[in-house]
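Student: Structure: final14.pdb, PDB, C-alpha atoms (C1' of nucleotides).
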```pdb
ATOM      1  CA  MET A   1      20.202  30.334  32.326
ATOM      2  CA  PRO A   2      22.395  27.679  30.886
ATOM      3  CA  GLU A   3      21.535  24.322  32.375
ATOM      4  CA  LEU A   4      23.302  21.109  31.481
ATOM      5  CA  PRO A   5      21.377  20.621  28.207
ATOM      6  CA  GLU A   6      22.406  24.084  27.003
ATOM      7  CA  VAL A   7      26.020  23.377  27.831
ATOM      8  CA  GLU A   8      25.890  20.024  26.085
ATOM      9  CA  THR A   9      24.332  21.634  23.019
ATOM     10  CA  THR A  10      26.897  24.413  23.052
ATOM     11  CA  VAL A  11      29.741  21.897  23.094
ATOM     12  CA  ALA A  12      28.199  19.950  20.239
ATOM     13  CA  GLY A  13      27.665  23.176  18.313
ATOM     14  CA  ILE A  14      31.159  24.636  18.598
ATOM     15  CA  LYS A  15      33.222  21.458  18.617
ATOM     16  CA  PRO A  16      33.364  20.864  14.834
ATOM     17  CA  TYR A  17      34.682  24.398  14.293
ATOM     18  CA  LEU A  18      37.336  24.178  17.000
ATOM     19  CA  ILE A  19      38.888  20.740  16.775
ATOM     20  CA  ASP A  20      42.281  20.642  15.052
ATOM     21  CA  THR A  21      42.335  24.394  14.488
ATOM     22  CA  MET A  22      44.986  26.737  15.770
ATOM     23  CA  ILE A  23      44.503  29.658  18.124
ATOM     24  CA  GLU A  24      45.866  32.708  16.356
ATOM     25  CA  ARG A  25      44.960  35.222  19.025
ATOM     26  CA  LEU A  26      43.148  35.376  22.327
ATOM     27  CA  VAL A  27      41.657  38.711  23.360
ATOM     28  CA  ILE A  28      40.503  39.353  26.922
ATOM     29  CA  ARG A  29      38.415  42.513  27.093
ATOM     30  CA  GLN A  30      36.946  41.998  30.549
ATOM     31  CA  PRO A  31      38.993  39.786  32.867
ATOM     32  CA  GLN A  32      36.723  40.344  35.883
ATOM     33  CA  LEU A  33      34.457  37.332  35.734
ATOM     34  CA  ARG A  34      33.433  35.174  38.662
ATOM     35  CA  TRP A  35      37.134  34.581  39.106
ATOM     36  CA  PRO A  36      39.663  36.756  37.304
ATOM     37  CA  VAL A  37      40.633  35.275  33.952
ATOM     38  CA  THR A  38      43.978  33.495  34.366
ATOM     39  CA  GLN A  39      46.677  36.064  33.739
ATOM     40  CA  GLY A  40      48.913  35.723  30.737
ATOM     41  CA  ILE A  41      46.786  33.243  28.807
ATOM     42  CA  GLU A  42      46.832  35.440  25.724
ATOM     43  CA  ASP A  43      50.485  34.517  25.348
ATOM     44  CA  THR A  44      50.086  30.955  26.596
ATOM     45  CA  ALA A  45      47.390  30.127  24.065
ATOM     46  CA  LYS A  46      48.908  31.735  21.017
ATOM     47  CA  GLY A  47      49.745  29.271  18.272
ATOM     48  CA  LEU A  48      48.429  26.214  20.106
ATOM     49  CA  LYS A  49      46.226  23.585  18.519
ATOM     50  CA  ILE A  50      42.817  22.680  19.921
ATOM     51  CA  GLU A  51      42.796  18.940  20.498
ATOM     52  CA  ASN A  52      39.374  18.465  22.021
ATOM     53  CA  VAL A  53      36.221  20.162  23.265
ATOM     54  CA  SER A  54      34.259  18.408  25.986
ATOM     55  CA  ARG A  55      31.907  18.843  28.903
ATOM     56  CA  ARG A  56      32.131  17.864  32.562
ATOM     57  CA  ALA A  57      29.150  18.915  34.677
ATOM     58  CA  LYS A  58      28.308  22.391  33.346
ATOM     59  CA  TYR A  59      31.938  23.160  32.604
ATOM     60  CA  ILE A  60      33.229  23.332  29.047
ATOM     61  CA  LEU A  61      36.761  22.095  28.514
ATOM     62  CA  ILE A  62      38.855  23.200  25.566
ATOM     63  CA  SER A  63      41.944  21.001  25.527
ATOM     64  CA  LEU A  64      45.174  22.237  23.988
ATOM     65  CA  THR A  65      48.516  20.551  23.732
ATOM     66  CA  THR A  66      49.889  22.018  26.958
ATOM     67  CA  GLY A  67      46.784  22.403  29.100
ATOM     68  CA  SER A  68      43.118  23.322  28.932
ATOM     69  CA  PHE A  69      40.629  26.114  29.276
ATOM     70  CA  LEU A  70      37.833  25.556  31.745
ATOM     71  CA  ILE A  71      34.811  27.647  30.858
ATOM     72  CA  HIS A  72      31.579  28.062  32.807
ATOM     73  CA  LEU A  73      28.624  30.011  31.433
ATOM     74  CA  GLY A  74      27.325  30.978  34.867
ATOM     75  CA  MET A  75      23.880  32.531  34.821
ATOM     76  CA  SER A  76      23.936  34.477  31.624
ATOM     77  CA  GLY A  77      26.898  33.302  29.585
ATOM     78  CA  SER A  78      26.988  32.019  26.033
ATOM     79  CA  LEU A  79      29.515  31.088  23.396
ATOM     80  CA  ARG A  80      28.998  31.874  19.748
ATOM     81  CA  LEU A  81      31.079  31.711  16.616
ATOM     82  CA  ILE A  82      31.368  34.856  14.564
ATOM     83  CA  THR A  83      33.785  36.229  12.011
ATOM     84  CA  ASN A  84      36.335  39.013  12.233
ATOM     85  CA  THR A  85      34.035  41.472  10.556
ATOM     86  CA  ASP A  86      31.021  40.908  12.808
ATOM     87  CA  LEU A  87      30.234  43.655  15.277
ATOM     88  CA  LEU A  88      30.968  43.137  18.931
ATOM     89  CA  LYS A  89      28.066  43.147  21.326
ATOM     90  CA  LYS A  90      28.040  44.627  24.759
ATOM     91  CA  HIS A  91      29.400  42.072  27.256
ATOM     92  CA  ASP A  92      31.473  40.184  24.688
ATOM     93  CA  HIS A  93      34.301  39.666  27.163
ATOM     94  CA  ILE A  94      36.620  37.177  25.482
ATOM     95  CA  GLN A  95      37.397  36.325  21.872
ATOM     96  CA  MET A  96      39.437  33.439  20.558
ATOM     97  CA  HIS A  97      40.513  33.956  16.944
ATOM     98  CA  LEU A  98      41.020  30.685  15.104
ATOM     99  CA  SER A  99      43.110  29.855  12.084
ATOM    100  CA  ASN A 100      39.971  28.843  10.146
ATOM    101  CA  GLY A 101      38.555  32.370  10.354
ATOM    102  CA  HIS A 102      36.017  31.721  13.087
ATOM    103  CA  VAL A 103      36.058  33.712  16.303
ATOM    104  CA  LEU A 104      34.775  32.005  19.413
ATOM    105  CA  THR A 105      33.128  34.733  21.466
ATOM    106  CA  PHE A 106      32.310  34.565  25.166
ATOM    107  CA  HIS A 107      29.371  36.756  26.103
ATOM    108  CA  ASP A 108      28.226  37.131  29.716
ATOM    109  CA  PRO A 109      26.266  40.141  30.994
ATOM    110  CA  ARG A 110      26.189  39.098  34.650
ATOM    111  CA  ARG A 111      29.753  37.817  34.668
ATOM    112  CA  PHE A 112      29.016  34.804  36.830
ATOM    113  CA  GLY A 113      30.876  32.674  34.336
ATOM    114  CA  CYS A 114      34.596  31.956  34.185
ATOM    115  CA  TRP A 115      37.416  31.271  31.742
ATOM    116  CA  LEU A 116      40.366  29.624  33.443
ATOM    117  CA  TRP A 117      43.557  27.987  32.278
ATOM    118  CA  SER A 118      45.331  25.049  33.826
ATOM    119  CA  LYS A 119      48.320  23.045  32.674
ATOM    120  CA  TYR A 120      47.061  19.946  34.439
ATOM    121  CA  ASP A 121      43.793  19.086  36.156
ATOM    122  CA  HIS A 122      41.397  21.795  37.162
ATOM    123  CA  ALA A 123      40.775  21.965  40.902
ATOM    124  CA  LEU A 124      37.127  22.837  40.273
ATOM    125  CA  LEU A 125      36.508  19.403  38.786
ATOM    126  CA  GLU A 126      37.978  17.455  41.663
ATOM    127  CA  LYS A 127      35.023  16.976  43.959
ATOM    128  CA  LEU A 128      32.286  16.531  41.418
ATOM    129  CA  GLY A 129      29.800  13.677  41.619
ATOM    130  CA  PRO A 130      28.821  11.470  38.685
ATOM    131  CA  GLU A 131      27.229  12.654  35.464
ATOM    132  CA  PRO A 132      23.450  12.209  35.688
ATOM    133  CA  LEU A 133      23.293  10.463  32.328
ATOM    134  CA  SER A 134      26.006   7.953  33.163
ATOM    135  CA  SER A 135      25.391   4.477  34.500
ATOM    136  CA  ASN A 136      27.150   5.472  37.731
ATOM    137  CA  PHE A 137      24.094   7.517  38.536
ATOM    138  CA  SER A 138      21.096   5.518  39.678
ATOM    139  CA  GLY A 139      18.397   5.303  42.316
ATOM    140  CA  GLU A 140      20.599   2.975  44.287
ATOM    141  CA  TYR A 141      23.456   5.486  44.183
ATOM    142  CA  LEU A 142      21.182   8.296  45.382
ATOM    143  CA  TRP A 143      19.679   6.189  48.146
ATOM    144  CA  ASN A 144      23.114   5.203  49.433
ATOM    145  CA  LYS A 145      24.341   8.797  49.421
ATOM    146  CA  ALA A 146      21.191   9.973  51.178
ATOM    147  CA  ARG A 147      21.672   7.864  54.308
ATOM    148  CA  LYS A 148      21.354  10.101  57.401
ATOM    149  CA  ARG A 149      21.085  13.243  55.298
ATOM    150  CA  LYS A 150      18.719  15.796  56.732
ATOM    151  CA  ALA A 151      18.885  18.314  53.904
ATOM    152  CA  PRO A 152      15.784  18.709  51.716
ATOM    153  CA  VAL A 153      15.879  16.298  48.790
ATOM    154  CA  LYS A 154      15.878  19.211  46.360
ATOM    155  CA  SER A 155      19.074  20.648  47.857
ATOM    156  CA  PHE A 156      20.495  17.125  47.923
ATOM    157  CA  ILE A 157      20.057  16.505  44.191
ATOM    158  CA  MET A 158      21.337  20.001  43.393
ATOM    159  CA  ASP A 159      24.571  19.344  45.311
ATOM    160  CA  SER A 160      27.281  18.864  42.681
ATOM    161  CA  ARG A 161      29.176  16.508  44.984
ATOM    162  CA  ILE A 162      26.193  14.162  44.822
ATOM    163  CA  VAL A 163      25.357  14.528  41.135
ATOM    164  CA  VAL A 164      26.311  17.240  38.663
ATOM    165  CA  GLY A 165      24.191  19.188  36.241
ATOM    166  CA  VAL A 166      20.849  19.231  38.052
ATOM    167  CA  GLY A 167      20.017  22.921  38.189
ATOM    168  CA  ASN A 168      17.046  24.579  39.820
ATOM    169  CA  ILE A 169      14.703  24.197  36.847
ATOM    170  CA  TYR A 170      15.309  20.502  36.349
ATOM    171  CA  ALA A 171      15.322  19.762  40.080
ATOM    172  CA  ASN A 172      11.842  21.262  40.326
ATOM    173  CA  GLU A 173      10.628  19.385  37.270
ATOM    174  CA  ALA A 174      12.125  16.018  38.213
ATOM    175  CA  LEU A 175      10.636  16.142  41.717
ATOM    176  CA  PHE A 176       7.228  17.003  40.317
ATOM    177  CA  GLU A 177       7.360  14.136  37.835
ATOM    178  CA  SER A 178       8.432  11.825  40.635
ATOM    179  CA  GLY A 179       5.694  12.944  43.048
ATOM    180  CA  ILE A 180       8.241  13.923  45.688
ATOM    181  CA  LYS A 181       7.886  17.067  47.774
ATOM    182  CA  PRO A 182      11.048  19.194  47.432
ATOM    183  CA  GLN A 183      11.364  19.846  51.178
ATOM    184  CA  ARG A 184      11.255  16.176  52.181
ATOM    185  CA  ARG A 185      14.452  15.163  53.959
ATOM    186  CA  ALA A 186      16.799  13.255  51.681
ATOM    187  CA  GLY A 187      17.437  10.509  54.242
ATOM    188  CA  LYS A 188      13.731   9.757  54.620
ATOM    189  CA  ILE A 189      12.979   8.794  51.044
ATOM    190  CA  SER A 190      12.569   5.160  50.051
ATOM    191  CA  PHE A 191      14.826   3.230  47.710
ATOM    192  CA  LYS A 192      11.895   2.781  45.332
ATOM    193  CA  ARG A 193      11.225   6.522  45.118
ATOM    194  CA  TYR A 194      14.880   7.232  44.461
ATOM    195  CA  GLU A 195      14.745   4.822  41.546
ATOM    196  CA  VAL A 196      11.838   6.821  40.121
ATOM    197  CA  LEU A 197      13.622  10.111  40.763
ATOM    198  CA  ALA A 198      16.911   9.041  39.167
ATOM    199  CA  GLU A 199      15.064   7.779  36.123
ATOM    200  CA  ASN A 200      13.087  11.015  35.799
ATOM    201  CA  ILE A 201      16.253  13.107  36.051
ATOM    202  CA  LYS A 202      17.753  11.090  33.204
ATOM    203  CA  VAL A 203      14.639  11.305  31.031
ATOM    204  CA  ILE A 204      14.111  15.034  31.557
ATOM    205  CA  LEU A 205      17.741  15.965  30.917
ATOM    206  CA  SER A 206      18.177  13.748  27.895
ATOM    207  CA  SER A 207      14.971  14.887  26.255
ATOM    208  CA  ALA A 208      16.021  18.509  26.771
ATOM    209  CA  ILE A 209      19.366  17.721  25.149
ATOM    210  CA  GLU A 210      17.540  16.051  22.298
ATOM    211  CA  GLN A 211      15.338  19.087  21.794
ATOM    212  CA  GLY A 212      18.417  21.282  21.850
ATOM    213  CA  GLY A 213      20.020  19.092  19.256
ATOM    214  CA  THR A 214      17.058  19.214  16.956
ATOM    215  CA  THR A 215      16.551  22.953  17.176
ATOM    216  CA  LEU A 216      20.244  23.592  16.703
ATOM    217  CA  ARG A 217      20.743  24.316  13.036
ATOM    218  CA  ASP A 218      23.736  26.564  12.734
ATOM    219  CA  PHE A 219      25.822  27.521  15.701
ATOM    220  CA  THR A 220      27.672  30.166  13.776
ATOM    221  CA  ASN A 221      24.740  32.539  14.020
ATOM    222  CA  SER A 222      24.572  35.691  16.050
ATOM    223  CA  LYS A 223      22.572  34.255  18.889
ATOM    224  CA  GLY A 224      24.922  31.618  20.140
ATOM    225  CA  GLU A 225      22.105  30.060  22.077
ATOM    226  CA  PRO A 226      20.406  26.771  21.537
ATOM    227  CA  GLY A 227      16.785  27.638  20.932
ATOM    228  CA  TYR A 228      14.881  25.071  22.906
ATOM    229  CA  PHE A 229      13.734  27.213  25.768
ATOM    230  CA  GLU A 230      10.155  26.835  24.630
ATOM    231  CA  GLN A 231      10.106  23.373  26.101
ATOM    232  CA  SER A 232       7.133  22.978  28.383
ATOM    233  CA  LEU A 233       7.852  23.190  32.075
ATOM    234  CA  SER A 234       5.281  21.719  34.465
ATOM    235  CA  VAL A 235       6.115  23.613  37.641
ATOM    236  CA  TYR A 236       9.106  25.927  37.264
ATOM    237  CA  GLY A 237       7.882  29.504  36.885
ATOM    238  CA  ARG A 238       4.265  28.415  37.317
ATOM    239  CA  ALA A 239       3.623  29.262  40.985
ATOM    240  CA  GLY A 240      -0.065  29.922  41.603
ATOM    241  CA  LYS A 241      -1.045  28.395  38.290
ATOM    242  CA  ALA A 242      -2.940  25.137  37.913
ATOM    243  CA  CYS A 243      -1.097  21.851  38.331
ATOM    244  CA  VAL A 244      -0.986  20.092  34.957
ATOM    245  CA  LYS A 245      -2.050  16.858  36.631
ATOM    246  CA  CYS A 246      -4.734  17.842  39.159
ATOM    247  CA  ASN A 247      -5.535  21.514  38.456
ATOM    248  CA  GLN A 248      -4.840  22.678  41.989
ATOM    249  CA  PRO A 249      -2.783  25.870  42.272
ATOM    250  CA  LEU A 250       0.957  25.212  42.540
ATOM    251  CA  LYS A 251       2.710  26.344  45.692
ATOM    252  CA  GLU A 252       6.027  28.183  45.872
ATOM    253  CA  ILE A 253       8.479  28.024  48.746
ATOM    254  CA  ARG A 254      12.167  28.824  49.091
ATOM    255  CA  LEU A 255      14.719  26.163  49.872
ATOM    256  CA  ALA A 256      18.332  27.201  50.310
ATOM    257  CA  GLN A 257      17.441  30.569  48.742
ATOM    258  CA  ARG A 258      16.083  28.922  45.631
ATOM    259  CA  SER A 259      12.587  29.133  44.287
ATOM    260  CA  SER A 260      10.852  25.790  44.609
ATOM    261  CA  VAL A 261       7.487  25.142  43.054
ATOM    262  CA  PHE A 262       5.419  22.045  43.693
ATOM    263  CA  CYS A 263       1.922  20.628  43.876
ATOM    264  CA  ARG A 264       0.648  19.942  47.378
ATOM    265  CA  SER A 265      -1.575  17.104  46.294
ATOM    266  CA  CYS A 266       0.593  15.405  43.652
ATOM    267  CA  GLN A 267       3.838  15.548  45.638
ATOM    268  CA  SER A 268       4.381  14.118  49.092
TER     269      SER A 268
ATOM    270  C1'  DC B   1      31.304  15.452  59.135
ATOM    271  C1'  DT B   2      26.776  18.338  57.354
ATOM    272  C1'  DT B   3      24.359  22.466  56.469
ATOM    273  C1'  DT B   4      23.771  27.356  55.747
ATOM    274  C1'  DC B   5      24.781  31.564  53.702
ATOM    275  C1'  DA B   6      27.400  35.624  51.634
ATOM    276  C1'  DG B   7      29.070  37.126  47.551
ATOM    277  C1'  DC B   8      29.987  37.613  42.750
ATOM    278  C1'  DC B   9      26.994  40.789  38.751
ATOM    279  C1'  DT B  10      23.523  43.078  35.429
ATOM    280  C1'  DG B  11      19.036  43.428  33.432
ATOM    281  C1'  DA B  12      14.233  43.284  34.028
ATOM    282  C1'  DC B  13      10.452  44.832  36.332
ATOM    283  C1'  DG B  14       7.225  47.201  39.562
ATOM    284  C1'  DG B  15       6.132  51.284  42.179
ATOM    285  C1'  DC B  16       6.046  55.991  42.455
TER     286       DC B  16
ATOM    287  C1'  DT C   1       9.875  59.507  31.733
ATOM    288  C1'  DG C   2      13.047  58.042  34.872
ATOM    289  C1'  DC C   3      14.768  56.747  39.174
ATOM    290  C1'  DC C   4      15.214  53.377  42.751
ATOM    291  C1'  DG C   5      14.734  49.097  45.099
ATOM    292  C1'  DT C   6      14.250  44.249  44.548
ATOM    293  C1'  DC C   7      14.948  39.989  42.583
ATOM    294  C1'  DA C   8      16.908  36.239  39.902
ATOM    295  C1'  DG C   9      20.361  32.682  39.820
ATOM    296  C1'  DG C  10      25.139  28.598  39.751
ATOM    297  C1'  DC C  11      28.516  27.808  42.381
ATOM    298  C1'  DT C  12      32.259  28.079  45.833
ATOM    299  C1'  DG C  13      34.195  28.526  50.117
ATOM    300  C1'  DA C  14      33.863  30.309  54.683
ATOM    301  C1'  DA C  15      31.233  30.035  58.761
ATOM    302  C1'  DA C  16      28.351  27.694  61.953
TER     303       DA C  16
END
```
Just dump the structure as structure tokens.
Tutor:
Amino acid sequence: MPELPEVETTVAGIKPYLIDTMIERLVIRQPQLRWPVTQGIEDTAKGLKIENVSRRAKYILISLTTGSFLIHLGMSGSLRLITNTDLLKKHDHIQMHLSNGHVLTFHDPRRFGCWLWSKYDHALLEKLGPEPLSSNFSGEYLWNKARKRKAPVKSFIMDSRIVVGVGNIYANEALFESGIKPQRRAGKISFKRYEVLAENIKVILSSAIEQGGTTLRDFTNSKGEPGYFEQSLSVYGRAGKACVKCNQPLKEIRLAQRSSVFCRSCQS
DNA sequence: CTTTCAGCCTGACGGC
DNA sequence: TGCCGTCAGGCTGAAA
């Protein structure tokens, strides 16, 4: 599933092909995504120039002269650039034909993603916390926000109002690296441990982005996916297997309906 | 205010 | 072989 590094890599991959090009045609084949695709955007978008492509949290923003598209890849979404003559795949829901001959194609089997239009600011971006890789995000910030919070620390760091872009995989990994048990209450964790945790979140996310960047050769291929999924994960998906640090079997529990894997002796 | 939980979907997988 | 049930998961917004 696309986590923040995949989104970042996607933006970097498509941006050079989109910037300063004109939208010749927008085709919506399946408007029923997580939210219905904004009605009438085929007409709205026609003939407009793409001014910028950026990322906020796991949202992709395509800025035009009169507004912007807000795209989320959900669980199974991807964007790829193809040409007019390429065959459509099943679940290719939206296509944006550009004046340079490229066709930006939104593919999403589970349809948890979205493609919305807004003239001004998108409401979905309003309540978001800081970017994890920005200087606004630190151990001190986390510690302050955690005062009196009873929620498990894993739910806390996955709350987009606290910090954006920490999905289930990276939450599991960062807590393991930091030696913090996922179910520990957020308000009961020391300042010092939050400094370690914030640093680990930054290191893990930025190294994943780096891997994505290095494996990304040509985004105009048929896959449309950054190919760095082979990165080694210490705990996620390894329940019952040996801890990479102490060899004890990893334990799996569910927190807020999400699979949480940790080591009972390395994390406390 | 904080926290929990339903719901949106399809594909993969295990059991029979 | 194929059918069926279960699960996975990001995120929002309603409910508690």
Student: C1' of DG11 in chain B and CA of Gly13 in chain A, how far apart in Å?
Tutor: 26.7 Å
Student: Counting only C-alpha atoms (C1' of nucleotides), I want the residues whose atoms come within 9 Å of (28.1, 29.2, 45.5) in the file frame, returned as a VMD selection string.
Tutor: (chain B and resid 6 to 7) or (chain C and resid 10 to 13)
Student: Starting from the shown file, work through the PyMOL selection byres ((chain A) within 9 of (chain C)) and note down what comes out as a JSON list (two decimals) with C-alpha atoms, keeping the file's coordinate frame.
Tutor:
```json
[["chain", "number", "residue", "atom", "x", "y", "z"],
["A", 1, "MET", "CA", 20.20, 30.33, 32.33],
["A", 74, "GLY", "CA", 27.32, 30.98, 34.87],
["A", 75, "MET", "CA", 23.88, 32.53, 34.82],
["A", 112, "PHE", "CA", 29.02, 34.80, 36.83],
["A", 113, "GLY", "CA", 30.88, 32.67, 34.34],
["A", 167, "GLY", "CA", 20.02, 22.92, 38.19],
["A", 168, "ASN", "CA", 17.05, 24.58, 39.82],
["A", 258, "ARG", "CA", 16.08, 28.92, 45.63]]
```
Student: Grab the CA of Ser259 in chain A to CA of Ala171 in chain A distance for me, in Å with one decimal place.
Tutor: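 One can read the CA of Ser259 in chain A to CA of Ala171 in chain A distance as 10.6 Å.
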Student: With 9 Å as the limit and counting only C-alpha atoms (C1' of nucleotides), what residues in chain A lie close to chain B? Please list them as number ranges by chain.
Tutor: A: 33-35, 109-112, 149-151, 256-257
Student: Just to confirm, what's the straight-line distance from CA of Gly77 in chain A to CA of Ala57 in chain A in Å (one decimal)?
Tutor: 15.4 Å
Student: Just the residues within 7 Å of range 124-130 of chain A, please, counting all atoms listed in the file, with nothing from its chain fewer than 2 positions along; format it as a list in words.
Tutor: His122, Pro132, Asn136, Phe137, Ser160, Arg161, Ile162, Val163 and Val164 of chain A
Student: What box, with edges along x, y and z, holds each listed atom of range 9-16 of chain B when 3 Å is added on every side, and can you state its centre and edge lengths in Å to one decimal, as JSON?
Tutor:
```
{"center_x": 16.5, "center_y": 48.4, "center_z": 37.9, "size_x": 26.9, "size_y": 21.2, "size_z": 15.0}
```
Student: With all atoms listed in the file counted, which protein, DNA or RNA residues have an atom no more than 10 Å from (46.9, 35.8, 23.8) in the file frame? Please answer as a PyMOL selection string.
Tutor: chain A and resi 23-28+39-47+95-97
Student: What does the PyMOL selection byres ((chain A and resi 104) around 8) select in this file, as JSON, numbers by chain?
Tutor: {"A": [79, 80, 81, 82, 95, 96, 97, 98, 102, 103, 105, 106]}
Student: Which residue gives the smallest distance to Arg56 in chain A among A:Gln211, A:Ser155, A:Ser134, A:Ser268, with all atoms listed in the file counted?
Tutor: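 The closest residue to Arg56 in chain A is A:Ser134.
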Student: Pick the closest to Ser234 in chain A from A:Arg184, A:Leu197, A:Leu175, A:His107: which is it, counting only C-alpha atoms?
Tutor: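 Nearest candidate to Ser234 in chain A out of A:Arg184, A:Leu197, A:Leu175, A:His107: A:Leu175.
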Student: Using the chain letters and numbers from the file, give me the residues hit by the PyMOL selection byres ((chain A and resi 19) around 8), as a PyMOL selection string.
Tutor: chain A and resi 15-18+20-21+50-53
Student: Please determine, counting only C-alpha atoms, which residue among A:Cys114, A:Ile60, A:Cys266, A:Leu133 has the shortest atom-to-atom distance to Glu177 in chain A.
Tutor: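 Once distances to Glu177 in chain A are computed over only C-alpha atoms, the minimum belongs to A:Cys266.
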